[in-house]
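Some notes on the structure that comes next.
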Amino acid sequence: MDNHAIAETLEEIATLLELSGENPFKVRAYANGARALETLTEDLDTLIAQGKLKGHQGIGQGLADAITQLRQEGKLAFLEELRASLPPGLMEILKIPGLGPKKVRALWQLLEITDLVKLTEACESGRVAELKGFGAKTQDNILAGIRNREAYGRRHLWLGVQSIVGGILTGLRALPDVERAEAAGSFRRARETVGDLDFIVASENPKPIMDWFVAQSGVQEVTAHGETKSSVRLADGLQADLRVVPAEQFFFALHHFTGSKDHNVAMRQRALSRGLSMSEWGLTPKDPKAKVPVAASEEDVFRALGLDWIPPELREGQGEIEAAESGKLPHLVRYEDIRGCFHNHTTASDGRATLEQMTAAAEAEGWEYFSIADHSRSSAYANGLDEARLLAQIDEIAKLNASGRFKVRVLSGSEVDILKDGSLDFDDALLAKLDVVVASVHAAMTLDEDAMTARIIRALEHPRVHILGHLTGRLLLEREPYRVNIAKIVDCAAANSKCIELNTNPRRLDMDWSHWRRAAEKGVLCAINPDAHRTEQFVFVRAGTFQARKGWLTADQVLNTKPLAELQRWLRR
DNA sequence: GCCGTTTTCGGCCCGACTGTTTTCAGTCG
């Protein structure tokens with residue numbers, strides 16, 4: 001099993017234990033272990049061999065043993081027993097909003113409900129409402145939850161919800177009683193996908209704000225409408241929560257609901273160690289005579305705990321608090337630092353805009369340079385260029401640059417296919433004529449991990465390759481990543497001074513933010529690339545810069561921040 | 001199950017809302 005599969009298995013154990021009525025802290029330990037594994041940056045086999053798995057945050061002896069066994073044998077005896085002891089259909093029932101482990105257990109034990117079909121029947125016949133702790137309302141909510149389970153479970157691409165967030169914020173800020181309004185949650189942290197939206201408002205008069213929020217156009221269902229908190233369902237099952245707090249609590253609440261969970265836990269622990277209790281309401285000293293900290297900004301919240309302000313993108317519980325304590329937070333890259341990008345398509349392959357249209361749009365972005373990297377011949381589905389067409393395009397780009405019609409410098413390139421054996425789709429003589437070579441996998445995605453890793457490493461070691469394109473091939477919410485050892489690819493890129501792409505197509509965001517910090521520490525450069533197939537997609541660079549920030553990247557760790565002359569020296573070296 | 005310059009046992013973040021209750025359990029984030 002690879003890291004991801006093992007993490008999913010640990011999640012499954014956590015859920016099964018929860019349904020068994022196990023100690024909730026034990027349940028949490030497995031869930032924490034799964035997260036620790038997902039964000040592991042070292043090679044798992046190396047850690048196991050060196051006996052260093054235990055000692056990682058959240059991984060003790062028990063989890064280290066379980067992970068080792070899953071990695072080496074692919075199975076775990078106590079998991080088999082656990083699975084056998086519970087009806088498999090309970091897992092689906094647990095996903096219905098409003099049903100947690102206690103209620104699912106009650107349904108199972110008292111009504112012998114073991115799947116969604118039986119649950120639906122029991123609700124329709126009114127038997128669920130008769131159970132202790134249930135009622136008519138709960139029964140109705142379960143039926144609604146079953147009907148809408150697909151939509152409610154879906155996450156949403158960050159860029160896809162951006163305009164919705166903007167619209168709601170504009171609406172809130174226009175209300176007379178609103179002093180401040182911000183979006184919080186995973187949207188503010190720029191997670192690649194967003195489960196629901198969180199809004200925080202400062203006001204002394206919450207009621208009209210709550211009333212506006214639940215009555216907005218686009219609201220399909222009101223799931224909560226309280227004095228300080230309301231929740232609604234928007235289109236596609238997207239949930240939006242609003243919390244209204246007094247102005248003096250605003251920045252504590254904004255921090256709290258920005259999260260992440262891991263970050264907040266670490267912050268609360270830090271507060272406790274300094275004699276303070278932390279919640280969304282503020283910081284309360286254990287000593288009633290001590291001064292109560294106030295916050296007129298989010299900086300004040302961090303300052304009260306002896307920390308520098310931590311950008312929301314970094315708040316994932318990945319060491320940001322330690323860095324903020326010692327003044328070692330990185331000076332993160334900003335969109336203003338970007339001078340161009342390297343992976344764009346035209347109508348020559350599968351793009352929707354011509355070379356000239358793309359160039360005009362790049363100039364409008366204010367960029368110094370950008371490179372065309374159309375598909376190569378093996379990507380026939382995308383109208384990949386053969387040698388003759390690529391030579392013609394190189395010539396066309398040279399003429400466009402010579403014409404002086406645009407200030408932006410167009411670099412010629414190719415998104416050359418990495419073939420199944422790791423060789424490239426064009427010969428060395430042709431590659432040598434290009435300014436930029438991006439190498440990507442587009443076919444034979446089902447190789448096993450060792451074969452895929454060896455394939456990509458062979459391509460990356462090719463002296464003509466500058467940038468590795470979309471490393472894992474994942475499509476968020478659609479397609480799993482290829483099986484590939486990212487740690488080994490990163491090491492290879494570092495050893496050969498190659499650049500890895502951060503593909504900022506909102507469905508890709510690949511390589512993922514969680515790997516960049518370690519990659520950059522090893523000296524691997526990042527190329528923030530839109531993979532634009534039309535001019536409007538240059539905006540991906542803007543949105544994708546948040547992902548680079550999430551990966552702790554500074555401007556000098558990003559290839560696109562180099563001035564043209566320096567860039568050309570790097571490309572030709 | 002994890003963790004520990006007070007701890008190897010006894011903690012483990014905290015609060016709002018709903019629905020079912022007459023004071024609170026369960027769920028959610």
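To be explicit about the labels: the chains of the structure tokens are called A, B, and onward in the order shown, and within each one the residues are counted from 1, while ligands get numbers from 1 in the order they are shown.
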Once you count only C-alpha atoms (C1' of nucleotides), what closest atom pair and distance in Å to one decimal does each residue of chain A within 9 Å of chain B have, with rows by chain and rising residue number, as a Markdown table?
```
| residue | atom | partner | partner_atom | distance |
| --- | --- | --- | --- | --- |
| A:Phe25 | CA | B:DC12 | C1' | 6.7 |
| A:Lys26 | CA | B:DG1 | C1' | 4.8 |
| A:Val27 | CA | B:DG1 | C1' | 7.8 |
| A:Arg28 | CA | B:DG1 | C1' | 8.2 |
| A:Ala29 | CA | B:DG1 | C1' | 5.3 |
| A:Tyr30 | CA | B:DG1 | C1' | 7.1 |
| A:Gln57 | CA | B:DC2 | C1' | 8.9 |
| A:Gly58 | CA | B:DC2 | C1' | 6.2 |
| A:Ile59 | CA | B:DC2 | C1' | 7.3 |
| A:Gly60 | CA | B:DC2 | C1' | 6.3 |
| A:Gln61 | CA | B:DG1 | C1' | 8.8 |
| A:Gly62 | CA | B:DG1 | C1' | 6.8 |
| A:Leu63 | CA | B:DG1 | C1' | 7.6 |
| A:Pro97 | CA | B:DT27 | C1' | 8.5 |
| A:Gly98 | CA | B:DT27 | C1' | 6.0 |
| A:Leu99 | CA | B:DT27 | C1' | 7.2 |
| A:Gly100 | CA | B:DT27 | C1' | 6.3 |
| A:Lys102 | CA | B:DG26 | C1' | 7.4 |
| A:Lys103 | CA | B:DG26 | C1' | 7.8 |
| A:Lys132 | CA | B:DT20 | C1' | 8.6 |
| A:Gly133 | CA | B:DT20 | C1' | 6.1 |
| A:Phe134 | CA | B:DT20 | C1' | 7.0 |
| A:Gly135 | CA | B:DT20 | C1' | 7.0 |
| A:Lys137 | CA | B:DG19 | C1' | 7.3 |
| A:Thr138 | CA | B:DG19 | C1' | 7.2 |
| A:Ala224 | CA | B:DC17 | C1' | 7.1 |
| A:His225 | CA | B:DC17 | C1' | 8.5 |
| A:Gly226 | CA | B:DC17 | C1' | 7.0 |
| A:Thr228 | CA | B:DA16 | C1' | 8.2 |
| A:Lys229 | CA | B:DA16 | C1' | 7.3 |
| A:Ser230 | CA | B:DC17 | C1' | 8.9 |
| A:Phe257 | CA | B:DG29 | C1' | 8.4 |
| A:Lys261 | CA | B:DG29 | C1' | 8.8 |
| A:Asn264 | CA | B:DC13 | C1' | 8.0 |
| A:Val265 | CA | B:DC13 | C1' | 6.0 |
| A:Arg268 | CA | B:DC13 | C1' | 6.6 |
| A:Gln269 | CA | B:DC13 | C1' | 8.1 |
| A:Met278 | CA | B:DC14 | C1' | 8.3 |
| A:Ser279 | CA | B:DC14 | C1' | 6.2 |
| A:Glu280 | CA | B:DG15 | C1' | 8.2 |
```
Mind dumping the selected residues with N, CA and C atoms as a short mmCIF file (atom, residue, chain, number, x, y, z; two decimals), in the first residue's frame?
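Output file again35.cif follows:
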```cif
data_model
loop_
_atom_site.label_atom_id
_atom_site.label_comp_id
_atom_site.auth_asym_id
_atom_site.auth_seq_id
_atom_site.Cartn_x
_atom_site.Cartn_y
_atom_site.Cartn_z
N PHE A 25 -11.06 9.50 21.91
CA PHE A 25 -9.68 9.98 21.76
C PHE A 25 -8.82 8.98 20.99
N LYS A 26 -9.20 7.74 21.13
CA LYS A 26 -8.52 6.71 20.34
C LYS A 26 -8.90 6.89 18.87
N VAL A 27 -10.17 7.17 18.65
CA VAL A 27 -10.64 7.43 17.29
C VAL A 27 -9.83 8.57 16.68
N ARG A 28 -9.68 9.63 17.47
CA ARG A 28 -8.97 10.80 16.98
C ARG A 28 -7.50 10.47 16.68
N ALA A 29 -6.94 9.59 17.51
CA ALA A 29 -5.53 9.23 17.30
C ALA A 29 -5.34 8.60 15.92
N TYR A 30 -6.26 7.75 15.50
CA TYR A 30 -6.14 7.13 14.17
C TYR A 30 -6.33 8.17 13.07
N GLN A 57 5.03 13.52 14.89
CA GLN A 57 3.87 14.08 15.57
C GLN A 57 2.62 13.23 15.32
N GLY A 58 2.08 12.65 16.39
CA GLY A 58 0.84 11.89 16.26
C GLY A 58 1.03 10.41 15.97
N ILE A 59 2.27 9.98 15.76
CA ILE A 59 2.51 8.56 15.50
C ILE A 59 3.32 7.96 16.65
N GLY A 60 2.68 7.07 17.40
CA GLY A 60 3.36 6.38 18.49
C GLY A 60 3.67 4.95 18.10
N GLN A 61 3.91 4.13 19.11
CA GLN A 61 4.27 2.74 18.83
C GLN A 61 3.16 2.01 18.09
N GLY A 62 1.92 2.16 18.58
CA GLY A 62 0.78 1.43 18.01
C GLY A 62 0.58 1.75 16.54
N LEU A 63 0.55 3.03 16.22
CA LEU A 63 0.33 3.42 14.83
C LEU A 63 1.52 3.07 13.96
N PRO A 97 -25.90 13.92 6.95
CA PRO A 97 -25.75 15.02 7.91
C PRO A 97 -26.72 14.88 9.08
N GLY A 98 -26.25 15.09 10.27
CA GLY A 98 -27.10 14.98 11.45
C GLY A 98 -27.01 13.62 12.11
N LEU A 99 -26.45 12.66 11.40
CA LEU A 99 -26.28 11.34 12.00
C LEU A 99 -24.81 11.12 12.35
N GLY A 100 -24.54 10.95 13.62
CA GLY A 100 -23.19 10.65 14.08
C GLY A 100 -23.14 9.21 14.56
N LYS A 102 -23.32 7.80 17.49
CA LYS A 102 -24.28 7.38 18.52
C LYS A 102 -25.64 7.06 17.90
N LYS A 103 -26.10 7.94 17.01
CA LYS A 103 -27.42 7.73 16.41
C LYS A 103 -27.39 6.53 15.45
N LYS A 132 -36.14 6.72 21.20
CA LYS A 132 -35.71 7.71 22.18
C LYS A 132 -34.56 8.54 21.61
N GLY A 133 -34.68 9.85 21.73
CA GLY A 133 -33.64 10.73 21.21
C GLY A 133 -33.87 11.12 19.75
N PHE A 134 -34.79 10.47 19.08
CA PHE A 134 -35.16 10.85 17.71
C PHE A 134 -36.55 11.51 17.78
N GLY A 135 -37.02 11.99 16.68
CA GLY A 135 -38.35 12.60 16.65
C GLY A 135 -38.75 12.83 15.21
N LYS A 137 -38.91 15.51 13.43
CA LYS A 137 -38.03 16.43 12.70
C LYS A 137 -36.75 15.70 12.26
N THR A 138 -36.17 14.94 13.17
CA THR A 138 -34.97 14.18 12.85
C THR A 138 -35.24 13.22 11.70
N ALA A 224 -29.90 26.15 9.54
CA ALA A 224 -29.83 26.66 10.91
C ALA A 224 -30.08 28.16 10.84
N HIS A 225 -30.79 28.67 11.83
CA HIS A 225 -31.10 30.09 11.85
C HIS A 225 -31.18 30.53 13.31
N GLY A 226 -30.01 30.70 13.92
CA GLY A 226 -29.98 31.05 15.33
C GLY A 226 -29.69 32.53 15.53
N THR A 228 -26.78 33.91 16.64
CA THR A 228 -25.46 34.32 16.22
C THR A 228 -24.91 33.46 15.10
N LYS A 229 -25.61 32.38 14.76
CA LYS A 229 -25.13 31.52 13.69
C LYS A 229 -26.27 31.07 12.81
N SER A 230 -26.03 31.12 11.49
CA SER A 230 -27.00 30.57 10.55
C SER A 230 -26.25 29.77 9.49
N PHE A 257 -12.30 30.63 13.14
CA PHE A 257 -13.01 29.97 12.05
C PHE A 257 -12.20 29.91 10.75
N LYS A 261 -8.14 23.12 11.89
CA LYS A 261 -8.32 22.43 13.14
C LYS A 261 -6.97 22.21 13.84
N ASN A 264 -5.55 25.39 15.14
CA ASN A 264 -6.26 25.89 16.32
C ASN A 264 -5.91 25.09 17.58
N VAL A 265 -5.81 23.77 17.40
CA VAL A 265 -5.44 22.95 18.55
C VAL A 265 -4.09 23.39 19.09
N ARG A 268 -4.41 26.72 20.86
CA ARG A 268 -5.04 26.63 22.18
C ARG A 268 -4.08 26.03 23.20
N GLN A 269 -3.31 25.04 22.73
CA GLN A 269 -2.33 24.46 23.65
C GLN A 269 -1.30 25.50 24.05
N MET A 278 -8.22 29.75 25.17
CA MET A 278 -8.53 30.39 23.88
C MET A 278 -9.79 29.79 23.26
N SER A 279 -10.67 30.66 22.77
CA SER A 279 -11.85 30.21 22.03
C SER A 279 -12.17 31.29 21.01
N GLU A 280 -13.26 31.09 20.28
CA GLU A 280 -13.65 32.12 19.30
C GLU A 280 -14.07 33.41 19.99
#
```
Sorted by chain and rising residue number, list the residues of region 371-446 of chain A at most 7 Å from region 452-458 of chain A (counting only C-alpha atoms), each with its closest atom pair and distance in Å to one decimal, as JSON lines.
```
{"residue": "A:Lys420", "atom": "CA", "partner": "A:Arg455", "partner_atom": "CA", "distance": 6.8}
{"residue": "A:Asp421", "atom": "CA", "partner": "A:Arg455", "partner_atom": "CA", "distance": 5.6}
{"residue": "A:Gly422", "atom": "CA", "partner": "A:Arg455", "partner_atom": "CA", "distance": 4.1}
```
Output N, CA and C atoms for every residue in the selection just made, as a PDB file, in the first residue's frame.
```pdb
ATOM      1  N   LYS A 420       6.158   5.889 -22.242  1.00  0.00           N
ATOM      2  CA  LYS A 420       5.999   4.858 -21.205  1.00  0.00           C
ATOM      3  C   LYS A 420       7.337   4.438 -20.590  1.00  0.00           C
ATOM      4  N   ASP A 421       8.399   4.429 -21.396  1.00  0.00           N
ATOM      5  CA  ASP A 421       9.695   3.989 -20.882  1.00  0.00           C
ATOM      6  C   ASP A 421      10.537   5.144 -20.336  1.00  0.00           C
ATOM      7  N   GLY A 422       9.952   6.359 -20.317  1.00  0.00           N
ATOM      8  CA  GLY A 422      10.690   7.498 -19.777  1.00  0.00           C
ATOM      9  C   GLY A 422      11.463   8.273 -20.828  1.00  0.00           C
TER      10      GLY A 422
END
```
Just the residues within 8 Å of region 32-43 of chain A, please, counting only C-alpha atoms (C1' of nucleotides), with nothing from its chain fewer than 6 positions along; format it as an mmCIF file with N, CA and C atoms, in the first residue's frame.
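Writing the result to selection.cif gives the following:
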```
data_model
loop_
_atom_site.group_PDB
_atom_site.id
_atom_site.type_symbol
_atom_site.label_atom_id
_atom_site.label_comp_id
_atom_site.auth_asym_id
_atom_site.auth_seq_id
_atom_site.Cartn_x
_atom_site.Cartn_y
_atom_site.Cartn_z
ATOM 1 N N ASN A 3 1.317 5.556 0.687
ATOM 2 C CA ASN A 3 0.942 6.419 1.814
ATOM 3 C C ASN A 3 -0.545 6.747 1.826
ATOM 4 N N HIS A 4 -1.040 7.103 0.642
ATOM 5 C CA HIS A 4 -2.429 7.535 0.554
ATOM 6 C C HIS A 4 -3.380 6.395 0.917
ATOM 7 N N ILE A 6 -2.694 3.821 2.776
ATOM 8 C CA ILE A 6 -2.576 3.531 4.211
ATOM 9 C C ILE A 6 -3.357 4.570 5.018
ATOM 10 N N ALA A 7 -3.244 5.837 4.611
ATOM 11 C CA ALA A 7 -3.972 6.901 5.310
ATOM 12 C C ALA A 7 -5.477 6.636 5.239
ATOM 13 N N GLU A 8 -5.949 6.218 4.071
ATOM 14 C CA GLU A 8 -7.379 5.929 3.936
ATOM 15 C C GLU A 8 -7.785 4.765 4.832
ATOM 16 N N LEU A 10 -6.348 3.971 7.691
ATOM 17 C CA LEU A 10 -6.402 4.477 9.069
ATOM 18 C C LEU A 10 -7.694 5.254 9.312
ATOM 19 N N GLU A 11 -8.115 6.026 8.297
ATOM 20 C CA GLU A 11 -9.397 6.739 8.402
ATOM 21 C C GLU A 11 -10.538 5.751 8.594
ATOM 22 N N HIS A 56 7.214 10.746 14.977
ATOM 23 C CA HIS A 56 6.566 11.798 14.205
ATOM 24 C C HIS A 56 5.338 12.251 14.969
ATOM 25 N N GLN A 57 5.027 13.522 14.890
ATOM 26 C CA GLN A 57 3.866 14.082 15.573
ATOM 27 C C GLN A 57 2.623 13.233 15.322
ATOM 28 N N GLY A 58 2.079 12.645 16.386
ATOM 29 C CA GLY A 58 0.842 11.887 16.265
ATOM 30 C C GLY A 58 1.033 10.414 15.966
ATOM 31 N N ILE A 59 2.274 9.978 15.764
ATOM 32 C CA ILE A 59 2.510 8.555 15.502
ATOM 33 C C ILE A 59 3.321 7.956 16.649
ATOM 34 N N LEU A 63 0.553 3.030 16.220
ATOM 35 C CA LEU A 63 0.327 3.422 14.829
ATOM 36 C C LEU A 63 1.521 3.072 13.956
ATOM 37 N N ASN A 485 6.345 7.903 -6.492
ATOM 38 C CA ASN A 485 7.047 8.252 -5.255
ATOM 39 C C ASN A 485 7.527 9.700 -5.349
ATOM 40 N N ALA A 487 8.693 11.766 -3.113
ATOM 41 C CA ALA A 487 9.954 12.080 -2.428
ATOM 42 C C ALA A 487 11.147 11.790 -3.343
ATOM 43 N N LYS A 488 11.093 10.686 -4.074
ATOM 44 C CA LYS A 488 12.213 10.341 -4.963
ATOM 45 C C LYS A 488 12.305 11.294 -6.155
ATOM 46 N N SER A 514 1.436 20.625 -0.234
ATOM 47 C CA SER A 514 2.051 20.023 0.954
ATOM 48 C C SER A 514 3.487 19.552 0.702
ATOM 49 N N HIS A 515 3.884 19.435 -0.549
ATOM 50 C CA HIS A 515 5.242 18.942 -0.837
ATOM 51 C C HIS A 515 6.252 20.046 -1.118
ATOM 52 N N ARG A 518 9.373 21.122 1.540
ATOM 53 C CA ARG A 518 10.532 20.259 1.561
ATOM 54 C C ARG A 518 11.299 20.340 0.229
#
```
Members of region 38-133 of chain A assigned helix (DSSP H, G or I) by DSSP, as a PyMOL selection string
chain A and resi 38+44-50+61-73+77-85+90-94+101-111+116-124+128-130
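Interatomic distance, CA of Lys522 (chain A) to CA of Gln557 (chain A): 10.6 Å.
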Could you list, as a CSV table (one decimal) with all heavy atoms, in the first residue's frame, every residue within 9 Å of Asp386 (chain A), counting only C-alpha atoms (C1' of nucleotides) and ignoring same-chain residues fewer than 6 positions away?
```csv
chain,number,residue,atom,x,y,z
A,376,SER,N,3.0,17.5,-27.7
A,376,SER,CA,3.8,16.8,-28.7
A,376,SER,C,3.0,15.7,-29.4
A,376,SER,O,1.9,15.4,-29.0
A,376,SER,CB,5.1,16.3,-28.0
A,376,SER,OG,4.7,15.3,-27.1
A,377,ARG,N,3.7,15.1,-30.4
A,377,ARG,CA,2.9,14.3,-31.4
A,377,ARG,C,2.2,13.1,-30.8
A,377,ARG,O,1.1,12.7,-31.3
A,377,ARG,CB,3.9,13.8,-32.5
A,377,ARG,CG,5.0,13.0,-31.9
A,377,ARG,CD,6.1,12.7,-33.0
A,377,ARG,NE,7.3,12.2,-32.4
A,377,ARG,CZ,8.4,12.1,-33.0
A,377,ARG,NH1,8.6,12.4,-34.2
A,377,ARG,NH2,9.5,11.6,-32.3
A,378,SER,N,2.7,12.5,-29.7
A,378,SER,CA,2.1,11.4,-29.1
A,378,SER,C,0.7,11.7,-28.5
A,378,SER,O,-0.1,10.8,-28.4
A,378,SER,CB,2.9,10.7,-28.0
A,378,SER,OG,4.0,10.1,-28.7
A,426,PHE,N,10.3,13.8,-28.6
A,426,PHE,CA,11.1,14.4,-29.7
A,426,PHE,C,12.6,14.1,-29.5
A,426,PHE,O,13.0,13.8,-28.3
A,426,PHE,CB,11.0,15.9,-29.6
A,426,PHE,CG,9.6,16.4,-30.0
A,426,PHE,CD1,8.9,17.3,-29.2
A,426,PHE,CD2,9.0,16.0,-31.2
A,426,PHE,CE1,7.7,17.8,-29.6
A,426,PHE,CE2,7.8,16.5,-31.6
A,426,PHE,CZ,7.1,17.4,-30.8
```
Name the residues of region 178-348 of chain A that come out as strand (DSSP E or B) in a backbone DSSP run; write them as JSON, numbers by chain.
{"A": [180, 181, 182, 183, 193, 194, 196, 197, 198, 199, 200, 201, 202, 221, 222, 223, 224, 225, 229, 230, 231, 232, 233, 239, 240, 241, 242, 243, 244, 245, 276, 277, 278, 279, 282, 283, 284, 285, 332, 340, 341, 344]}
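By chain and then residue number, the residues within 6 Å of region 464-471 of chain A are Val437, Val438, Ala439, Ser440, His462, Gly473, Lys498, Cys499, Ile500, Glu501, Asn503, Asp510 and Met511 of chain A, counting only C-alpha atoms (C1' of nucleotides) and disregarding those fewer than 2 positions away in sequence.
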Limited to N, CA and C atoms, could you put the picked residues into a file as a tab-separated table (two decimals), in the first residue's frame?
```tsv
chain	number	residue	atom	x	y	z
A	437	VAL	N	11.60	23.43	-22.22
A	437	VAL	CA	11.04	22.10	-22.39
A	437	VAL	C	10.33	21.69	-21.10
A	438	VAL	N	9.01	21.52	-21.22
A	438	VAL	CA	8.21	20.99	-20.11
A	438	VAL	C	7.93	19.53	-20.46
A	439	ALA	N	8.21	18.62	-19.55
A	439	ALA	CA	7.96	17.20	-19.82
A	439	ALA	C	6.84	16.71	-18.92
A	440	SER	N	5.85	16.04	-19.53
A	440	SER	CA	4.67	15.60	-18.77
A	440	SER	C	4.23	14.20	-19.18
A	462	HIS	N	17.02	13.85	-18.24
A	462	HIS	CA	17.37	14.24	-19.61
A	462	HIS	C	17.88	15.69	-19.60
A	473	GLY	N	-0.60	14.08	-12.10
A	473	GLY	CA	-1.71	13.88	-13.02
A	473	GLY	C	-3.09	13.89	-12.38
A	498	LYS	N	16.64	20.66	-11.55
A	498	LYS	CA	15.48	20.81	-12.40
A	498	LYS	C	14.37	21.53	-11.64
A	499	CYS	N	13.43	22.00	-12.42
A	499	CYS	CA	12.31	22.76	-11.88
A	499	CYS	C	11.07	21.86	-11.93
A	500	ILE	N	10.24	21.92	-10.90
A	500	ILE	CA	8.96	21.20	-10.91
A	500	ILE	C	7.85	22.23	-11.07
A	501	GLU	N	6.86	21.86	-11.86
A	501	GLU	CA	5.74	22.76	-12.10
A	501	GLU	C	4.74	22.75	-10.95
A	503	ASN	N	1.24	23.35	-11.40
A	503	ASN	CA	0.23	23.55	-12.43
A	503	ASN	C	-0.99	24.17	-11.76
A	510	ASP	N	-1.04	20.95	-9.03
A	510	ASP	CA	-0.19	19.76	-9.01
A	510	ASP	C	1.19	20.19	-9.50
A	511	MET	N	2.26	20.05	-8.68
A	511	MET	CA	2.41	19.33	-7.45
A	511	MET	C	1.69	20.06	-6.31
```
Selection near Arg339 (chain A), 7 Å with only C-alpha atoms (C1' of nucleotides), sequence-local residues under 3 positions removed, as a VMD selection string
chain A and resid 367 to 369 560 to 563
Would you output that residue set with all heavy atoms, as a PDB file, in the first residue's frame?
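Once everything was written out, this is selection_16.pdb:
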```
ATOM      1  N   TRP A 367       3.245  40.909 -18.105  1.00  0.00           N
ATOM      2  CA  TRP A 367       4.377  39.996 -17.974  1.00  0.00           C
ATOM      3  C   TRP A 367       5.540  40.402 -18.886  1.00  0.00           C
ATOM      4  O   TRP A 367       5.346  41.024 -19.933  1.00  0.00           O
ATOM      5  CB  TRP A 367       3.953  38.555 -18.304  1.00  0.00           C
ATOM      6  CG  TRP A 367       3.062  37.952 -17.248  1.00  0.00           C
ATOM      7  CD1 TRP A 367       2.998  38.318 -15.939  1.00  0.00           C
ATOM      8  CD2 TRP A 367       2.120  36.902 -17.417  1.00  0.00           C
ATOM      9  NE1 TRP A 367       2.076  37.539 -15.271  1.00  0.00           N
ATOM     10  CE2 TRP A 367       1.522  36.657 -16.156  1.00  0.00           C
ATOM     11  CE3 TRP A 367       1.704  36.112 -18.495  1.00  0.00           C
ATOM     12  CZ2 TRP A 367       0.544  35.682 -15.945  1.00  0.00           C
ATOM     13  CZ3 TRP A 367       0.745  35.138 -18.290  1.00  0.00           C
ATOM     14  CH2 TRP A 367       0.168  34.927 -17.027  1.00  0.00           C
ATOM     15  N   GLU A 368       6.759  40.006 -18.475  1.00  0.00           N
ATOM     16  CA  GLU A 368       7.953  40.247 -19.287  1.00  0.00           C
ATOM     17  C   GLU A 368       8.104  39.188 -20.365  1.00  0.00           C
ATOM     18  O   GLU A 368       8.693  39.433 -21.421  1.00  0.00           O
ATOM     19  CB  GLU A 368       9.213  40.152 -18.402  1.00  0.00           C
ATOM     20  CG  GLU A 368       9.766  41.451 -17.909  1.00  0.00           C
ATOM     21  CD  GLU A 368      11.024  41.198 -17.089  1.00  0.00           C
ATOM     22  OE1 GLU A 368      12.019  40.711 -17.652  1.00  0.00           O
ATOM     23  OE2 GLU A 368      10.999  41.484 -15.885  1.00  0.00           O
ATOM     24  N   TYR A 369       7.653  37.992 -20.053  1.00  0.00           N
ATOM     25  CA  TYR A 369       7.841  36.849 -20.962  1.00  0.00           C
ATOM     26  C   TYR A 369       6.789  35.796 -20.682  1.00  0.00           C
ATOM     27  O   TYR A 369       6.142  35.805 -19.622  1.00  0.00           O
ATOM     28  CB  TYR A 369       9.237  36.243 -20.767  1.00  0.00           C
ATOM     29  CG  TYR A 369       9.551  35.896 -19.328  1.00  0.00           C
ATOM     30  CD1 TYR A 369       9.090  34.707 -18.756  1.00  0.00           C
ATOM     31  CD2 TYR A 369      10.283  36.771 -18.521  1.00  0.00           C
ATOM     32  CE1 TYR A 369       9.357  34.394 -17.433  1.00  0.00           C
ATOM     33  CE2 TYR A 369      10.553  36.467 -17.189  1.00  0.00           C
ATOM     34  CZ  TYR A 369      10.081  35.278 -16.648  1.00  0.00           C
ATOM     35  OH  TYR A 369      10.334  34.974 -15.336  1.00  0.00           O
ATOM     36  N   ASN A 560       9.420  31.798 -12.111  1.00  0.00           N
ATOM     37  CA  ASN A 560       8.741  32.898 -12.819  1.00  0.00           C
ATOM     38  C   ASN A 560       9.049  34.282 -12.270  1.00  0.00           C
ATOM     39  O   ASN A 560       8.554  35.260 -12.809  1.00  0.00           O
ATOM     40  CB  ASN A 560       7.216  32.822 -12.743  1.00  0.00           C
ATOM     41  CG  ASN A 560       6.613  31.469 -12.659  1.00  0.00           C
ATOM     42  OD1 ASN A 560       7.153  30.575 -12.034  1.00  0.00           O
ATOM     43  ND2 ASN A 560       5.484  31.331 -13.296  1.00  0.00           N
ATOM     44  N   THR A 561       9.780  34.370 -11.173  1.00  0.00           N
ATOM     45  CA  THR A 561      10.072  35.705 -10.635  1.00  0.00           C
ATOM     46  C   THR A 561      11.393  36.240 -11.184  1.00  0.00           C
ATOM     47  O   THR A 561      11.732  37.395 -10.943  1.00  0.00           O
ATOM     48  CB  THR A 561      10.174  35.674  -9.096  1.00  0.00           C
ATOM     49  OG1 THR A 561      11.294  34.867  -8.724  1.00  0.00           O
ATOM     50  CG2 THR A 561       8.909  35.116  -8.470  1.00  0.00           C
ATOM     51  N   LYS A 562      12.114  35.401 -11.918  1.00  0.00           N
ATOM     52  CA  LYS A 562      13.409  35.848 -12.448  1.00  0.00           C
ATOM     53  C   LYS A 562      13.200  36.840 -13.584  1.00  0.00           C
ATOM     54  O   LYS A 562      12.321  36.650 -14.428  1.00  0.00           O
ATOM     55  CB  LYS A 562      14.212  34.655 -12.991  1.00  0.00           C
ATOM     56  CG  LYS A 562      14.714  33.701 -11.912  1.00  0.00           C
ATOM     57  CD  LYS A 562      15.640  32.664 -12.536  1.00  0.00           C
ATOM     58  CE  LYS A 562      16.025  31.556 -11.555  1.00  0.00           C
ATOM     59  NZ  LYS A 562      16.820  32.034 -10.427  1.00  0.00           N
ATOM     60  N   PRO A 563      14.014  37.889 -13.635  1.00  0.00           N
ATOM     61  CA  PRO A 563      13.984  38.771 -14.797  1.00  0.00           C
ATOM     62  C   PRO A 563      14.402  37.986 -16.043  1.00  0.00           C
ATOM     63  O   PRO A 563      15.105  36.973 -15.935  1.00  0.00           O
ATOM     64  CB  PRO A 563      15.015  39.850 -14.469  1.00  0.00           C
ATOM     65  CG  PRO A 563      15.273  39.722 -13.006  1.00  0.00           C
ATOM     66  CD  PRO A 563      14.982  38.321 -12.623  1.00  0.00           C
TER      67      PRO A 563
END
```
